[in-house]
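Right, one structure below, let's go through it.
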Amino acid sequence: MNRVGDALVRRSDGTDVELLFVYNSNALATLPNQELVERGLRREDLFTVVFDPVMTDTARYADVVLPAATFLERTEMSRGYGALVLQLAPPAVEAAGERGRTTRCSRSSAAGRAVARDGDPETAEEIAGAILGSSPRAAELRRAVAGSGAAAPPEGAAPVQFADAFPNTPDRRVHLVPEALDRECPGGLYRYAPDPAESDRRYPLALISPATDRTISSTLGELHRAQVPVSLHPDDAAARGIADGARVRVFNDLGAVRCRARIDTQLRPGVAFMPKGIWSHNTDSGTTSNALSPDTLTDLGGGACFNDARVEVEPAGAA
Amino acid sequence: MRPIRDVHSYANPGEARVTHAALELEVLFDRRILRGGVELSVERVDPAASTLRLDTRGLDVAGVESSRSSGGSDWAPARFEIGEADPILGAPLTIALRPGDDRVRDRLRDASRRLGPAVARARADGGRRHPFLFSQSQAIHARSWIPIQDTPQVRITYEARVRTPQELTAVMSAGGNPEGRRGGEYRFAMPQRIPAYLSRSRRGHRLRADEPAHGRLCRALGRRGRGARVRGHGEDDGGGGAALRPYRWERYDILVLPPSFPFGGMENPRLTFATPTVLAGDKSLVSLIAHELAHSWSGNLVTNATWRDFWLNEGFTTYIERRLVEEVYGRDAATMEAVLGRQDLEDELERLDDPDEILHIDLAGRDPDDGATRLPYEKGSLFLRSLEELFGRERFDAYLRGYFDRFAFRSILTEDFLDDLRANLFAADVGRARAVPLETWIQAPGLPAEAPRPRSEALEEVARVAEEWAAGRVPAADVPFGSWSTQQRIQFLRRLPSPLPAARMAELDATFRLTGSRNNEVAFQWLLMSLRSGHEAAAARLDDFLVSIGRRKYIKPLYEELVKTPPGLERARAIYARARPGVPSHCGGHRGPDRRTARMSALPEPGERHVASACPLDCPDACSLDVTVRGGRVVAVSGSRVNPITDGYICAKVRRLPEHMYGPARILRPGIRIGAKGEGRFRDATWDEALGLVAARMLETRERSGGEAILPVSYGGSNGYVSQDTTDARLFYRLGASRLARTVCAAPSSRAAAGLYGKMTGVAPQDYAHASLIVLWGVNPSVSGIHLVPYIQRAQNRGARLVVVDPRRTQLAARADIHLAARPGTDLPVALAVHRWLFASGRADLVFLAAHATGADELARRAEPWTIARAAAEAGIAEADLEAFARMYADASPAVIRCGWGQERNRNGGSATAAILALPAVAGKFGVRGGGYTMSNSPAWRELDGMAAVGRARRRRARST
């Protein structure tokens, strides 16, 4: 996923992607190596479908856009990944206009029919019901979500670790240096790889892109219209002749972002900050911090290395 | 002056700055039109400036001309452009300046359509024959009636010529206000420089009541007549006035508006607008006038340069207001105000999200009115009070006097104030200055522990009496209600149990004649109680009150109480229908003190329903929601209590869901591309056509190149079970499409949690309240997963320690005991150094490790190279801090680590997360409530299997087709 750009452009895995179906995601705003993803989306021989409630940056590249329902317009079942609670919610309103439901895509299309089977759960209600039904305590869960509105997991809503909740490893023990991880990590688990800037001193600033209180990842970005600056420590700004509010260019070998600079004493020197999840309308160049994020992968799990972005910043207008 | 970046203005005062405005306006009440134009004098701050940028919102600019003031050049049409409109900020009006030109003039075609936001609609009021109209420009509404550099850093002088119909009077907060003239033409001039938000006008029938009211309030302040003598010109006596000398606006009038005026007051220079509800008949509610008067200094003389700095206006003003009250009514009265103020602040803190609890609030991308809560008023005032207490009144007053002198007629930033404070108050007493938690006051949510807690014996006595009466030990006749001040009466009523039995309500009413009270504060409190207790005798008074009075501070809570029962809802509708003509059309510029209670849109309408829902968006909290639906549309989303951690409030993000659903970006119907890729141009299509096309291309692609040429991309737009990995996965699986590794987030931490613990369920947010040490590592709950914050706060209030590992000094880092600002990517050595320290210092829990873990020796071996010194150097943090953290972690129990995702997004992310998650095992932190770690808690639901539920049973068959 972190190499979608690569898959779309370089086809390095040997398979040409000819049809891209984007849903529940604003890929252009959220994936690393944004300029490569953008090049892929511009490919004339790629057929792109985007299924989304709003016109995202990605949707602008679609050959076909399909309107998706928001979660208030269909049945949804949610569980937190912090709060230990499961909730089932009916639609609050009808999907207005000609909106479809998430499931409509698979149900109504010829492609969907081509692979459909009798008895498949189809509607959001059926799906939610089937998922609840997959639990051995389905009846208990159904009663809880229909009653108080919320159900707790088997270990309870606030389990104590090693009293109510235990490791789910095969031997129920903690594995401090698990063999599988040790094999997966280049050089072994807990081996430290030094800062990328040490091998390439052209880009000395570490660009981080944490969440902000504006968007949820990139969701709701269409409502966040303000220009988003890159924040710099006063020392880093001064060393580059950059004043608060100045237009700057943030760049590395992967791409560039043109935006305003903000001087931020809350940063440590050597670190620049630009939030994740912003959209093209938030910067002068239409690119975001993702354009500067490498598509290298983490030591475990093939994760994205957003915070390994190393950049230089210069006043806009400089060569 | 240096230009300041103001996120709420498009203006370019750093290049070309407006210095003077001449307005020409005509009011046509019958057509509800405000018509005219504005001529602006421009100073080229940058001699090379070639454009002037103004703010507008909803203005229809018919034409722009420019000329130069010297040399008598003629007016010539200027090139101008109106940019894309933002719903909050409006649109920039960019005017090309010819070389040498320093005047521009805009003609407005017709502002009538736009009277809404800034100008309450023309209407007759209070049974009078004539309509009236007033403007309200704070915070950024001046731009909705004149094109202007609408940022408080730009101060201008202005003059105006206003034409009204016969019989109607125009007044402005400026010189030249007419005395008794009616109709025709009025001229005004404001020679002192003010920001645009203070440009105010009111046109219509002038109330005869204003003169006596004004005199009365001035006398209440102990002075006669015009405000030049109200404060400061008299002999100073060391009271609040001492800090305020001199008054610089020549004249001070109060215009008492009709009862429908929705705010308490508005501090226009020279001419305060005020609600008549302040006239209690007993001088008791004079604090509001003291507040508006104090604005003549803080706010109007020294102005916040941006709306982030709003607390400089309101915190100072509230502080001075209390000092004025103290001077006029004595210390007890002022202390009572301060106690009630702190009560209000604590109530507000309960309601606000963390970022909104910060004095120097971040309002980027938001409506500046969002910042106008009680917080800047009361927290700002408490901060100044704490300085007064620490440095002594004499020195603090001397400082304040200097402050107003140094910054007179200037707009300043919070940073300017802090620099000034350090230079002129702190420098002389470094010892005391060190005791001021300045950062915490200015940059952190909540209140510092050192915040003053004003105590009023008088109010405590009232609370005791209330308790006695409620317990039936004292009859109402023995309660000295009649001799109490308004503040004591309010406190008495607030402290009574609610609801009260009918007989007890009747006893209070008969004894104190509460239903007939002309004191609006008391009447309001009583009517609220009457509603809760079903006290029928007050019903008619409630109707009258709601119909005649528009002050939102009163009417919003009453309506809210009323609509809690179905008959009450009917009654609310009936009253509202009668009162509606008296409620200003939605007034964007809510005044601060009343603003929180100021949403007329919250009134229930016929057909309104509430639906319980739950938020599935990508966040740990999974809030339970209360969704308000009207006319088939979602009109509001707020928090419920089904999920206990939601606790009735949600983040500001999800509160905007109705805009997401019905905003201009919403895709309403299928579209087929007609423009170039990326251009975003589509033609409408039917579902059948669009789906037919997609399906045909899918089957074609599979036929030609195999299913793997199809790539589905999805991730986390909604984390709901129905949104992802159900029928979508089935469809793409059966098509044989390429599979996407969903690794953009949480892949490394998930691998680590699986490898070490098999994804053991973690500590729930609510148990953080039990911790003695909380470690936030790579996570910022102030902005995502905000419901953890109150539990952290609760733990801290109990004395728990907080450690934050984050390269940024986040709000929580600012109030942490230790902040480790490790360089990005160095979390691994930091965690390994703690392991090494634990093993080396004999603090590893060998008993736990022997019983429950494998690999401890190997971990210790791999941590061995990472001494505290080496890790600290690699991470760029202080050795002492890292060692202090290791020691604190070893010592504290329960200790919990909230591990986030910041530490995983780098080359070492998986190992770093594993090393962090290994800490509670090595240090032996499990087995107690509030101890252990939290990573992702999704795996607690491993019993549910979406894929199995919707398709796995058919998977094998699918493969064979």
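Chains: A, B, ... in order of the structure tokens. Residues: from 1 per chain. Ligands: from 1, in order shown.
For range 493-528 of chain B, the set of residues given alpha helix (DSSP H) by DSSP on the backbone reads Leu493, Arg494, Arg495, Ala502, Ala503, Arg504, Met505, Ala506, Glu507, Leu508, Asp509, Ala510, Thr511, Phe512, Asn520, Glu521, Val522, Ala523, Phe524, Gln525, Trp526, Leu527 and Leu528 of chain B.
Taking only C-alpha atoms, the non-local environment of Thr287 in chain A within 8 Å (same-chain residues fewer than 2 positions away omitted) comprises Gln34, Glu35, Ala256, Val257, Arg258, Trp279, Ser280, Thr283, Asp284, Ser285, Ser289, Asn290 and Ala291 of chain A.
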If you run DSSP on the backbone here, which positions in range 72-293 of chain A get strand (DSSP E or B)? Please write them as a ChimeraX atom specification.
/A:76-79,86-89,150-151,161,165,174-175,205-208,216,219,230-232,247-251,256-263,267,271-273
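In this model, the gap between CA of Asp857 in chain B and CA of Leu882 in chain B comes to 22.6 Å.
Among the candidate residues B:Ile88, B:Val847, B:Ala428, B:Ile4, the one lying nearest to Val154 in chain B is B:Ile4, with distances computed using only C-alpha atoms.
Of note, CA of Ala912 in chain B and CA of His787 in chain B are spaced 25.6 Å apart.
Candidate residues A:Thr296, A:Ser231, A:Ser218, A:Ser25 were compared for distance to Ile278 in chain A, and the nearest is A:Ser218, using only C-alpha atoms.
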Choose the residue, out of A:Ala59, A:Leu205, A:Leu86, A:Ile131, that has the smallest atom-to-atom separation from Pro153 in chain A; count only C-alpha atoms.
A:Leu86
Please identify all polymer residues within 9 Å of Glu39 in chain B, counting only C-alpha atoms, omitting same-chain residues fewer than 6 positions from it, and present them as a PyMOL selection string.
chain B and resi 20-24+103-107
Might you pull out every residue within 12 Å of Gly799 in chain B, with only C-alpha atoms counted and same-chain residues fewer than 5 positions away left off, and present them as number ranges by chain?
B: 449, 769-774, 792-794, 816-817, 892
Show me, as a PyMOL selection string, the residues that have an atom within 12 Å of Val85 in chain A when counting only C-alpha atoms, minus same-chain residues fewer than 3 positions from it.
(chain A and resi 77-82+88+141+144-145+148-158) or (chain B and resi 614-616+620-624+642-646+764-765+937-941)
With a distance cut-off of 9 Å and only C-alpha atoms, select the neighbouring residues of range 239-255 of chain A, excluding the residue or stretch itself and same-chain residues fewer than 3 positions from it, and output the selection as a ChimeraX atom specification.
/A:33-36,202-203,229-230,234-236,258-264,284,287,289-294,309-318 /B:4-5
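Remark: for chain A, the closest of the candidate residues B:Phe481, B:Phe426, B:Tyr10, B:Phe188 is B:Tyr10 (distances computed over only C-alpha atoms).
Residues surrounding Leu257 in chain B within 7 Å are Phe273, Ala274, Thr275 and Pro276 of chain B [only C-alpha atoms; sequence separation below 6 positions excluded].
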